[in-house]
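Novice: For reference, the file model-v7.txt (compact mmCIF, C-alpha atoms) is included below:
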# COMPACT_ATOMS: atom_id res chain seq x y z
CA MET V 1 0.00 0.00 0.00
CA SER V 2 1.25 3.47 -0.87
CA LEU V 3 2.12 5.85 1.94
CA LEU V 4 1.02 8.86 -0.14
CA GLN V 5 -1.69 8.67 -2.78
CA VAL V 6 -2.54 11.63 -5.01
CA GLU V 7 -5.44 10.88 -7.31
CA SER V 8 -6.50 13.17 -10.18
CA ILE V 9 -6.19 16.41 -8.23
CA ALA V 10 -7.14 19.82 -9.58
CA ALA V 11 -6.41 23.15 -7.88
CA SER V 12 -6.54 26.86 -8.63
CA TYR V 13 -5.11 30.21 -7.61
CA GLY V 14 -8.26 32.28 -7.53
CA ALA V 15 -9.82 32.15 -10.99
CA THR V 16 -6.70 30.63 -12.56
CA GLN V 17 -6.60 26.86 -12.66
CA ALA V 18 -3.08 25.52 -12.11
CA LEU V 19 -3.62 21.77 -11.68
CA PHE V 20 -5.97 19.77 -13.87
CA ASP V 21 -5.23 16.08 -13.37
CA VAL V 22 -2.18 15.19 -11.28
CA SER V 23 -1.74 11.69 -9.89
CA LEU V 24 1.23 10.16 -8.10
CA ASP V 25 2.06 7.86 -5.22
CA VAL V 26 4.97 7.24 -2.90
CA ALA V 27 5.50 3.96 -1.04
CA GLU V 28 7.24 3.46 2.28
CA GLY V 29 11.00 3.79 1.81
CA GLU V 30 10.67 4.92 -1.81
CA VAL V 31 12.27 7.96 -3.47
CA VAL V 32 10.09 9.54 -6.16
CA ALA V 33 11.19 12.44 -8.37
CA LEU V 34 8.51 14.93 -9.43
CA MET V 35 9.71 16.43 -12.69
CA GLY V 36 8.75 18.78 -15.49
CA ARG V 37 9.65 22.11 -17.02
CA ASN V 38 9.30 25.35 -15.05
CA GLY V 39 5.74 26.49 -14.48
CA MET V 40 4.14 23.11 -15.16
CA GLY V 41 2.70 22.56 -11.68
CA LYS V 42 5.36 20.83 -9.60
CA SER V 43 5.47 23.29 -6.69
CA THR V 44 1.69 23.71 -6.85
CA THR V 45 1.34 19.95 -6.47
CA ILE V 46 3.58 20.09 -3.39
CA LYS V 47 1.47 22.90 -1.92
CA ALA V 48 -1.69 20.87 -2.47
CA ILE V 49 -0.18 17.79 -0.82
CA CYS V 50 0.92 19.82 2.21
CA ARG V 51 -2.49 21.47 2.47
CA LEU V 52 -1.21 24.93 1.58
CA LEU V 53 -3.63 25.06 -1.36
CA GLU V 54 -7.21 23.80 -1.45
CA LEU V 55 -8.31 21.18 -3.94
CA ASP V 56 -10.95 21.75 -6.59
CA ALA V 57 -11.20 18.04 -7.29
CA GLY V 58 -9.45 14.74 -6.65
CA ARG V 59 -8.15 13.03 -3.54
CA ILE V 60 -5.00 13.08 -1.42
CA ALA V 61 -4.48 10.37 1.20
CA PHE V 62 -1.58 9.81 3.58
CA ASP V 63 -1.35 6.36 5.13
CA GLY V 64 -5.05 5.97 4.43
CA THR V 65 -6.09 9.32 5.96
CA ASP V 66 -7.89 11.73 3.63
CA LEU V 67 -5.97 15.01 3.77
CA ALA V 68 -8.48 17.11 1.84
CA ARG V 69 -10.25 18.51 4.89
CA LEU V 70 -7.22 18.83 7.15
CA PRO V 71 -5.32 22.06 7.85
CA ALA V 72 -1.61 22.16 7.08
CA PHE V 73 -0.49 21.67 10.68
CA ARG V 74 -2.51 18.45 10.98
CA ALA V 75 -0.95 17.11 7.78
CA ALA V 76 2.48 17.85 9.27
CA GLN V 77 1.54 16.06 12.48
CA LEU V 78 0.65 12.97 10.48
CA GLY V 79 4.22 12.84 9.15
CA LEU V 80 4.63 15.17 6.16
CA GLY V 81 7.94 17.03 6.39
CA LEU V 82 8.36 19.88 3.90
CA VAL V 83 11.56 21.57 2.73
CA PRO V 84 9.97 24.48 0.84
CA GLU V 85 11.32 26.23 -2.20
CA GLY V 86 13.25 29.29 -1.01
CA ARG V 87 14.26 27.66 2.34
CA ARG V 88 12.23 30.05 4.58
CA CYS V 89 14.38 29.72 7.68
CA PHE V 90 13.57 31.96 10.64
CA PRO V 91 16.24 34.64 10.03
CA ASN V 92 16.49 36.03 13.58
CA LEU V 93 16.72 32.63 15.28
CA THR V 94 19.95 30.71 15.67
CA VAL V 95 20.60 27.44 13.89
CA ASP V 96 19.78 25.47 17.05
CA GLU V 97 16.63 27.52 17.65
CA ASN V 98 15.43 26.93 14.08
CA LEU V 99 15.88 23.21 14.55
CA ILE V 100 14.31 23.02 17.99
CA ALA V 101 11.32 25.15 16.97
CA ALA V 102 10.08 22.39 14.67
CA ALA V 103 11.10 19.38 16.75
CA ARG V 104 8.79 16.48 17.45
CA PRO V 105 9.65 13.26 19.32
CA GLY V 106 11.51 10.63 17.35
CA PRO V 107 14.95 9.47 16.23
CA TRP V 108 15.91 12.76 14.58
CA ASP V 109 17.40 15.15 17.13
CA LEU V 110 20.11 17.83 17.15
CA ASP V 111 22.94 15.32 17.30
CA ARG V 112 21.67 13.28 14.39
CA VAL V 113 20.91 16.31 12.20
CA THR V 114 24.33 17.84 12.84
CA ALA V 115 25.97 14.49 12.10
CA LEU V 116 24.26 14.59 8.69
CA PHE V 117 25.25 18.25 8.19
CA PRO V 118 28.39 19.01 10.25
CA ARG V 119 28.34 22.65 9.13
CA LEU V 120 25.22 23.18 11.23
CA ALA V 121 27.14 22.10 14.33
CA GLU V 122 29.87 24.63 13.48
CA ARG V 123 27.25 27.39 13.06
CA HIS V 124 24.92 26.31 15.85
CA ALA V 125 24.88 29.69 17.65
CA GLN V 126 24.70 31.88 14.53
CA SER V 127 21.46 33.42 13.35
CA ALA V 128 20.06 31.91 10.17
CA ALA V 129 20.36 35.29 8.43
CA THR V 130 24.16 35.08 8.62
CA LEU V 131 24.40 31.68 6.91
CA SER V 132 25.26 31.13 3.27
CA GLY V 133 22.53 29.96 0.91
CA GLY V 134 23.82 26.41 1.05
CA GLU V 135 23.94 26.41 4.83
CA GLN V 136 20.39 27.76 4.97
CA GLN V 137 19.32 24.89 2.71
CA MET V 138 20.97 22.40 5.04
CA LEU V 139 19.16 24.07 7.92
CA ALA V 140 15.82 23.82 6.10
CA ILE V 141 16.38 20.10 5.51
CA GLY V 142 17.47 19.61 9.12
CA ARG V 143 14.41 21.48 10.38
CA ALA V 144 12.13 19.19 8.35
CA LEU V 145 13.93 16.11 9.70
CA MET V 146 13.49 17.39 13.26
CA THR V 147 9.73 16.98 12.78
CA ASN V 148 10.51 13.25 12.43
CA PRO V 149 8.49 12.84 9.26
CA ARG V 150 7.44 9.64 7.53
CA LEU V 151 7.61 11.40 4.16
CA LEU V 152 10.21 14.08 3.41
CA ILE V 153 9.24 16.48 0.60
CA LEU V 154 12.04 18.48 -1.00
CA ASP V 155 11.06 21.30 -3.37
CA GLU V 156 14.09 22.37 -5.44
CA ALA V 157 16.52 21.64 -2.62
CA THR V 158 19.63 22.23 -4.74
CA GLU V 159 18.40 25.12 -6.90
CA GLY V 160 20.89 27.99 -7.23
CA LEU V 161 23.55 26.50 -4.98
CA ALA V 162 27.28 26.24 -5.60
CA PRO V 163 28.40 22.89 -7.05
CA LEU V 164 30.24 21.75 -3.91
CA VAL V 165 27.23 22.49 -1.72
CA ARG V 166 24.93 20.74 -4.17
CA GLN V 167 27.13 17.66 -3.94
CA GLU V 168 26.95 17.76 -0.14
CA ILE V 169 23.16 17.90 -0.20
CA TRP V 170 22.92 15.08 -2.74
CA ARG V 171 25.20 12.99 -0.51
CA ALA V 172 22.86 13.66 2.39
CA ILE V 173 19.82 12.61 0.34
CA ALA V 174 21.61 9.41 -0.69
CA ALA V 175 22.46 8.74 2.96
CA LEU V 176 18.84 9.26 3.97
CA LYS V 177 17.76 6.69 1.41
CA ALA V 178 20.45 4.16 2.29
CA ASP V 179 20.42 4.47 6.07
CA THR V 180 16.89 5.42 7.12
CA GLY V 181 14.35 4.02 4.67
CA LEU V 182 12.59 7.38 4.78
CA ALA V 183 10.10 7.96 1.96
CA ILE V 184 11.14 10.99 -0.12
CA LEU V 185 9.34 13.04 -2.76
CA LEU V 186 11.68 15.50 -4.44
CA VAL V 187 11.44 18.16 -7.11
CA ASP V 188 14.71 18.75 -8.95
CA LYS V 189 16.13 19.20 -12.44
CA SER V 190 19.45 17.38 -11.97
CA LEU V 191 18.97 14.18 -13.95
CA ALA V 192 22.43 12.79 -13.24
CA GLU V 193 22.00 13.13 -9.48
CA LEU V 194 18.38 11.98 -9.51
CA ARG V 195 19.42 8.77 -11.27
CA GLN V 196 21.57 7.93 -8.25
CA VAL V 197 18.73 8.18 -5.70
CA ALA V 198 15.28 8.06 -7.33
CA ASP V 199 13.36 4.81 -7.70
CA ARG V 200 10.61 6.30 -9.84
CA ALA V 201 9.75 9.52 -11.66
CA VAL V 202 6.48 11.36 -12.26
CA ILE V 203 6.39 14.07 -14.93
CA VAL V 204 3.82 16.85 -15.01
CA GLN V 205 3.04 19.12 -17.92
CA ARG V 206 0.51 21.96 -17.88
CA GLY V 207 -0.89 20.79 -14.57
CA SER V 208 -1.40 17.13 -15.49
CA THR V 209 0.59 13.93 -15.06
CA VAL V 210 1.88 12.91 -18.48
CA TRP V 211 4.34 10.13 -17.58
CA SER V 212 5.27 7.95 -14.62
CA GLY V 213 7.46 4.93 -14.25
CA ALA V 214 10.75 3.53 -13.00
CA PHE V 215 13.56 6.05 -13.25
CA SER V 216 15.52 3.55 -15.33
CA GLN V 217 12.80 3.86 -17.99
CA LEU V 218 13.25 7.63 -18.28
CA ASN V 219 14.99 7.70 -21.66
CA ASP V 220 16.26 10.51 -23.89
CA GLU V 221 13.03 10.68 -25.90
CA ILE V 222 10.89 11.19 -22.80
CA THR V 223 13.21 13.76 -21.26
CA ALA V 224 13.45 15.70 -24.51
CA ARG V 225 9.68 15.75 -24.87
CA TYR V 226 8.71 16.72 -21.33
CA ILE V 227 11.77 18.08 -19.53
CA GLY V 228 13.72 19.78 -22.29
CA VAL V 229 17.15 18.23 -21.76
Output the file's structure in the form of structure tokens.

Specialist:
Amino acid sequence: MSLLQVESIAASYGATQALFDVSLDVAEGEVVALMGRNGMGKSTTIKAICRLLELDAGRIAFDGTDLARLPAFRAAQLGLGLVPEGRRCFPNLTVDENLIAAARPGPWDLDRVTALFPRLAERHAQSAATLSGGEQQMLAIGRALMTNPRLLILDEATEGLAPLVRQEIWRAIAALKADTGLAILLVDKSLAELRQVADRAVIVQRGSTVWSGAFSQLNDEITARYIGV
């Protein structure tokens, strides 16, 4: 049984419809890449899953619980951990305070997060506003892990970062897959890195799912048609 089930969802921003027919699922311990060109509905799908955008139609279930009528904080309590696009750390709080603010009981604590991202231990007393972009991204991932989620959702976690920092974050994602069995849904454009961690891919175009399958089946023809690489 899938941990997350998204079935034919539609959603709008006011009078503008953004999602028409998106479906995807994520099983326990699985890494699924949500892909597509810019503006095709990836981040909007994430917002709908995390209950930051109301549905016009369709169904979203998490471990059998219908999320459609739940507020965002209840979805988070069920085990959805979001690393949002743009990081959105609390700028005036220290690294430790950012992490503790989101903490819920479970195996992920300060020691484990800082073992995954040693730079956060080095910067533990600094305010988030003084961190580099890459360090803020590590903090955003650590903050999501401190909620002890069952599903970690990463929206463009490596976008705009320096190559060395990107590599560090991809290593962390690979470690999460190998060592924890955590289910992960991630939005990213880096095909080479995604091939190393993703079990399956789902492609959206103009607010609808147009392809899904094993990542090994994502060939040049499909990527050229839907992703533009």

Novice: List the spatial neighbours of stretch 162-168 of chain V as a PyMOL selection string - criterion: any atom at most 6 Å away, only C-alpha atoms, same-chain residues fewer than 3 positions off excluded.

Specialist: chain V and resi 134+158+171

Novice: Mind checking which residues fall within 12 Å of stretch 86-100 of chain V, counting all atoms listed in the file, ignoring those fewer than 4 positions away in the same chain, and posting them as a PyMOL selection string?

Specialist: chain V and resi 43+82+104-105+108-114+117+119-148+154-161

Novice: Store the residues picked out above, limited to C-alpha atoms, as a tab-separated table (two decimals), in the coordinates of the input.

Specialist:
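Written file, part-v1.tsv:
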chain	number	residue	atom	x	y	z
V	43	SER	CA	5.47	23.29	-6.69
V	82	LEU	CA	8.36	19.88	3.90
V	104	ARG	CA	8.79	16.48	17.45
V	105	PRO	CA	9.65	13.26	19.32
V	108	TRP	CA	15.91	12.76	14.58
V	109	ASP	CA	17.40	15.15	17.13
V	110	LEU	CA	20.11	17.83	17.15
V	111	ASP	CA	22.94	15.32	17.30
V	112	ARG	CA	21.67	13.28	14.39
V	113	VAL	CA	20.91	16.31	12.20
V	114	THR	CA	24.33	17.84	12.84
V	117	PHE	CA	25.25	18.25	8.19
V	119	ARG	CA	28.34	22.65	9.13
V	120	LEU	CA	25.22	23.18	11.23
V	121	ALA	CA	27.14	22.10	14.33
V	122	GLU	CA	29.87	24.63	13.48
V	123	ARG	CA	27.25	27.39	13.06
V	124	HIS	CA	24.92	26.31	15.85
V	125	ALA	CA	24.88	29.69	17.65
V	126	GLN	CA	24.70	31.88	14.53
V	127	SER	CA	21.46	33.42	13.35
V	128	ALA	CA	20.06	31.91	10.17
V	129	ALA	CA	20.36	35.29	8.43
V	130	THR	CA	24.16	35.08	8.62
V	131	LEU	CA	24.40	31.68	6.91
V	132	SER	CA	25.26	31.13	3.27
V	133	GLY	CA	22.53	29.96	0.91
V	134	GLY	CA	23.82	26.41	1.05
V	135	GLU	CA	23.94	26.41	4.83
V	136	GLN	CA	20.39	27.76	4.97
V	137	GLN	CA	19.32	24.89	2.71
V	138	MET	CA	20.97	22.40	5.04
V	139	LEU	CA	19.16	24.07	7.92
V	140	ALA	CA	15.82	23.82	6.10
V	141	ILE	CA	16.38	20.10	5.51
V	142	GLY	CA	17.47	19.61	9.12
V	143	ARG	CA	14.41	21.48	10.38
V	144	ALA	CA	12.13	19.19	8.35
V	145	LEU	CA	13.93	16.11	9.70
V	146	MET	CA	13.49	17.39	13.26
V	147	THR	CA	9.73	16.98	12.78
V	148	ASN	CA	10.51	13.25	12.43
V	154	LEU	CA	12.04	18.48	-1.00
V	155	ASP	CA	11.06	21.30	-3.37
V	156	GLU	CA	14.09	22.37	-5.44
V	157	ALA	CA	16.52	21.64	-2.62
V	158	THR	CA	19.63	22.23	-4.74
V	159	GLU	CA	18.40	25.12	-6.90
V	160	GLY	CA	20.89	27.99	-7.23
V	161	LEU	CA	23.55	26.50	-4.98

Novice: Using all atoms listed in the file, which protein or nucleic acid residues come within 10 Å of V:Arg195? Drop anything in the same chain fewer than 5 positions from it, and give the result as a ChimeraX atom specification.

Specialist: /V:33,190,200-201,215-216,218

Novice: Would you list the contacts of V:Ile60 as a list in words, taking every protein, DNA or RNA residue within 6 Å and counting only C-alpha atoms, but skipping same-chain residues closer than 6 positions in sequence?

Specialist: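 The residues that qualify are Gln5, Val6, Asp66 and Leu67 of chain V.
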
Novice: With distances taken over all atoms listed in the file, which of V:Leu3, V:Leu191, V:Ala174, V:Val197 is nearest to V:Gly228?

Specialist: V:Leu191

Novice: Just give me the gap between atom CA of V:Ser8 and atom CA of V:Lys47 in Å, one decimal is fine.

Specialist: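 Atom CA of V:Ser8 sits 15.0 Å away from atom CA of V:Lys47.
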
Novice: Supply stretch 26-53 of chain V as a PDB file, in the coordinates of the input, with N, CA and C atoms built in where the input has gaps.

Specialist:
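This is the output file part.pdb:
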ATOM      1  N   VAL V  26       3.658   7.508  -3.482  1.00  0.00           N
ATOM      2  CA  VAL V  26       4.970   7.240  -2.900  1.00  0.00           C
ATOM      3  C   VAL V  26       4.792   6.135  -1.870  1.00  0.00           C
ATOM      4  N   ALA V  27       5.565   5.071  -1.987  1.00  0.00           N
ATOM      5  CA  ALA V  27       5.500   3.960  -1.040  1.00  0.00           C
ATOM      6  C   ALA V  27       6.476   4.184   0.100  1.00  0.00           C
ATOM      7  N   GLU V  28       6.295   3.421   1.156  1.00  0.00           N
ATOM      8  CA  GLU V  28       7.240   3.460   2.280  1.00  0.00           C
ATOM      9  C   GLU V  28       8.644   3.185   1.766  1.00  0.00           C
ATOM     10  N   GLY V  29       9.604   4.014   2.163  1.00  0.00           N
ATOM     11  CA  GLY V  29      11.000   3.790   1.810  1.00  0.00           C
ATOM     12  C   GLY V  29      11.359   4.104   0.379  1.00  0.00           C
ATOM     13  N   GLU V  30      10.439   4.668  -0.391  1.00  0.00           N
ATOM     14  CA  GLU V  30      10.670   4.920  -1.810  1.00  0.00           C
ATOM     15  C   GLU V  30      11.066   6.380  -2.034  1.00  0.00           C
ATOM     16  N   VAL V  31      11.912   6.611  -3.046  1.00  0.00           N
ATOM     17  CA  VAL V  31      12.270   7.960  -3.470  1.00  0.00           C
ATOM     18  C   VAL V  31      11.655   8.210  -4.837  1.00  0.00           C
ATOM     19  N   VAL V  32      10.785   9.215  -4.917  1.00  0.00           N
ATOM     20  CA  VAL V  32      10.090   9.540  -6.160  1.00  0.00           C
ATOM     21  C   VAL V  32      10.460  10.962  -6.570  1.00  0.00           C
ATOM     22  N   ALA V  33      10.857  11.127  -7.821  1.00  0.00           N
ATOM     23  CA  ALA V  33      11.190  12.440  -8.370  1.00  0.00           C
ATOM     24  C   ALA V  33       9.971  12.998  -9.095  1.00  0.00           C
ATOM     25  N   LEU V  34       9.584  14.221  -8.738  1.00  0.00           N
ATOM     26  CA  LEU V  34       8.510  14.930  -9.430  1.00  0.00           C
ATOM     27  C   LEU V  34       9.164  15.914 -10.385  1.00  0.00           C
ATOM     28  N   MET V  35       8.932  15.729 -11.682  1.00  0.00           N
ATOM     29  CA  MET V  35       9.710  16.430 -12.690  1.00  0.00           C
ATOM     30  C   MET V  35       8.817  17.149 -13.692  1.00  0.00           C
ATOM     31  N   GLY V  36       9.443  18.024 -14.470  1.00  0.00           N
ATOM     32  CA  GLY V  36       8.750  18.780 -15.490  1.00  0.00           C
ATOM     33  C   GLY V  36       9.427  20.125 -15.685  1.00  0.00           C
ATOM     34  N   ARG V  37       9.084  20.797 -16.769  1.00  0.00           N
ATOM     35  CA  ARG V  37       9.650  22.110 -17.020  1.00  0.00           C
ATOM     36  C   ARG V  37       9.116  23.122 -16.003  1.00  0.00           C
ATOM     37  N   ASN V  38       9.744  24.297 -15.956  1.00  0.00           N
ATOM     38  CA  ASN V  38       9.300  25.350 -15.050  1.00  0.00           C
ATOM     39  C   ASN V  38       7.862  25.755 -15.369  1.00  0.00           C
ATOM     40  N   GLY V  39       7.099  26.006 -14.316  1.00  0.00           N
ATOM     41  CA  GLY V  39       5.740  26.490 -14.480  1.00  0.00           C
ATOM     42  C   GLY V  39       4.718  25.447 -14.860  1.00  0.00           C
ATOM     43  N   MET V  40       5.059  24.165 -14.744  1.00  0.00           N
ATOM     44  CA  MET V  40       4.140  23.110 -15.160  1.00  0.00           C
ATOM     45  C   MET V  40       3.299  22.546 -14.025  1.00  0.00           C
ATOM     46  N   GLY V  41       3.560  22.986 -12.775  1.00  0.00           N
ATOM     47  CA  GLY V  41       2.700  22.560 -11.680  1.00  0.00           C
ATOM     48  C   GLY V  41       3.352  21.753 -10.586  1.00  0.00           C
ATOM     49  N   LYS V  42       4.687  21.649 -10.606  1.00  0.00           N
ATOM     50  CA  LYS V  42       5.360  20.830  -9.600  1.00  0.00           C
ATOM     51  C   LYS V  42       5.199  21.409  -8.196  1.00  0.00           C
ATOM     52  N   SER V  43       5.573  22.670  -8.017  1.00  0.00           N
ATOM     53  CA  SER V  43       5.470  23.290  -6.690  1.00  0.00           C
ATOM     54  C   SER V  43       4.014  23.423  -6.246  1.00  0.00           C
ATOM     55  N   THR V  44       3.112  23.647  -7.197  1.00  0.00           N
ATOM     56  CA  THR V  44       1.690  23.710  -6.850  1.00  0.00           C
ATOM     57  C   THR V  44       1.197  22.366  -6.355  1.00  0.00           C
ATOM     58  N   THR V  45       1.683  21.286  -6.952  1.00  0.00           N
ATOM     59  CA  THR V  45       1.340  19.950  -6.470  1.00  0.00           C
ATOM     60  C   THR V  45       1.822  19.750  -5.042  1.00  0.00           C
ATOM     61  N   ILE V  46       3.046  20.199  -4.753  1.00  0.00           N
ATOM     62  CA  ILE V  46       3.580  20.090  -3.390  1.00  0.00           C
ATOM     63  C   ILE V  46       2.711  20.888  -2.417  1.00  0.00           C
ATOM     64  N   LYS V  47       2.327  22.094  -2.795  1.00  0.00           N
ATOM     65  CA  LYS V  47       1.470  22.900  -1.920  1.00  0.00           C
ATOM     66  C   LYS V  47       0.141  22.204  -1.642  1.00  0.00           C
ATOM     67  N   ALA V  48      -0.426  21.581  -2.662  1.00  0.00           N
ATOM     68  CA  ALA V  48      -1.690  20.870  -2.470  1.00  0.00           C
ATOM     69  C   ALA V  48      -1.514  19.682  -1.524  1.00  0.00           C
ATOM     70  N   ILE V  49      -0.430  18.934  -1.692  1.00  0.00           N
ATOM     71  CA  ILE V  49      -0.180  17.790  -0.820  1.00  0.00           C
ATOM     72  C   ILE V  49      -0.039  18.226   0.629  1.00  0.00           C
ATOM     73  N   CYS V  50       0.658  19.338   0.845  1.00  0.00           N
ATOM     74  CA  CYS V  50       0.920  19.820   2.210  1.00  0.00           C
ATOM     75  C   CYS V  50      -0.204  20.681   2.765  1.00  0.00           C
ATOM     76  N   ARG V  51      -1.288  20.758   2.046  1.00  0.00           N
ATOM     77  CA  ARG V  51      -2.490  21.470   2.470  1.00  0.00           C
ATOM     78  C   ARG V  51      -2.286  22.975   2.554  1.00  0.00           C
ATOM     79  N   LEU V  52      -1.427  23.493   1.704  1.00  0.00           N
ATOM     80  CA  LEU V  52      -1.210  24.930   1.580  1.00  0.00           C
ATOM     81  C   LEU V  52      -2.040  25.513   0.443  1.00  0.00           C
ATOM     82  N   LEU V  53      -2.760  24.650  -0.272  1.00  0.00           N
ATOM     83  CA  LEU V  53      -3.630  25.060  -1.360  1.00  0.00           C
ATOM     84  C   LEU V  53      -4.809  24.101  -1.402  1.00  0.00           C
TER      85      LEU V  53
END
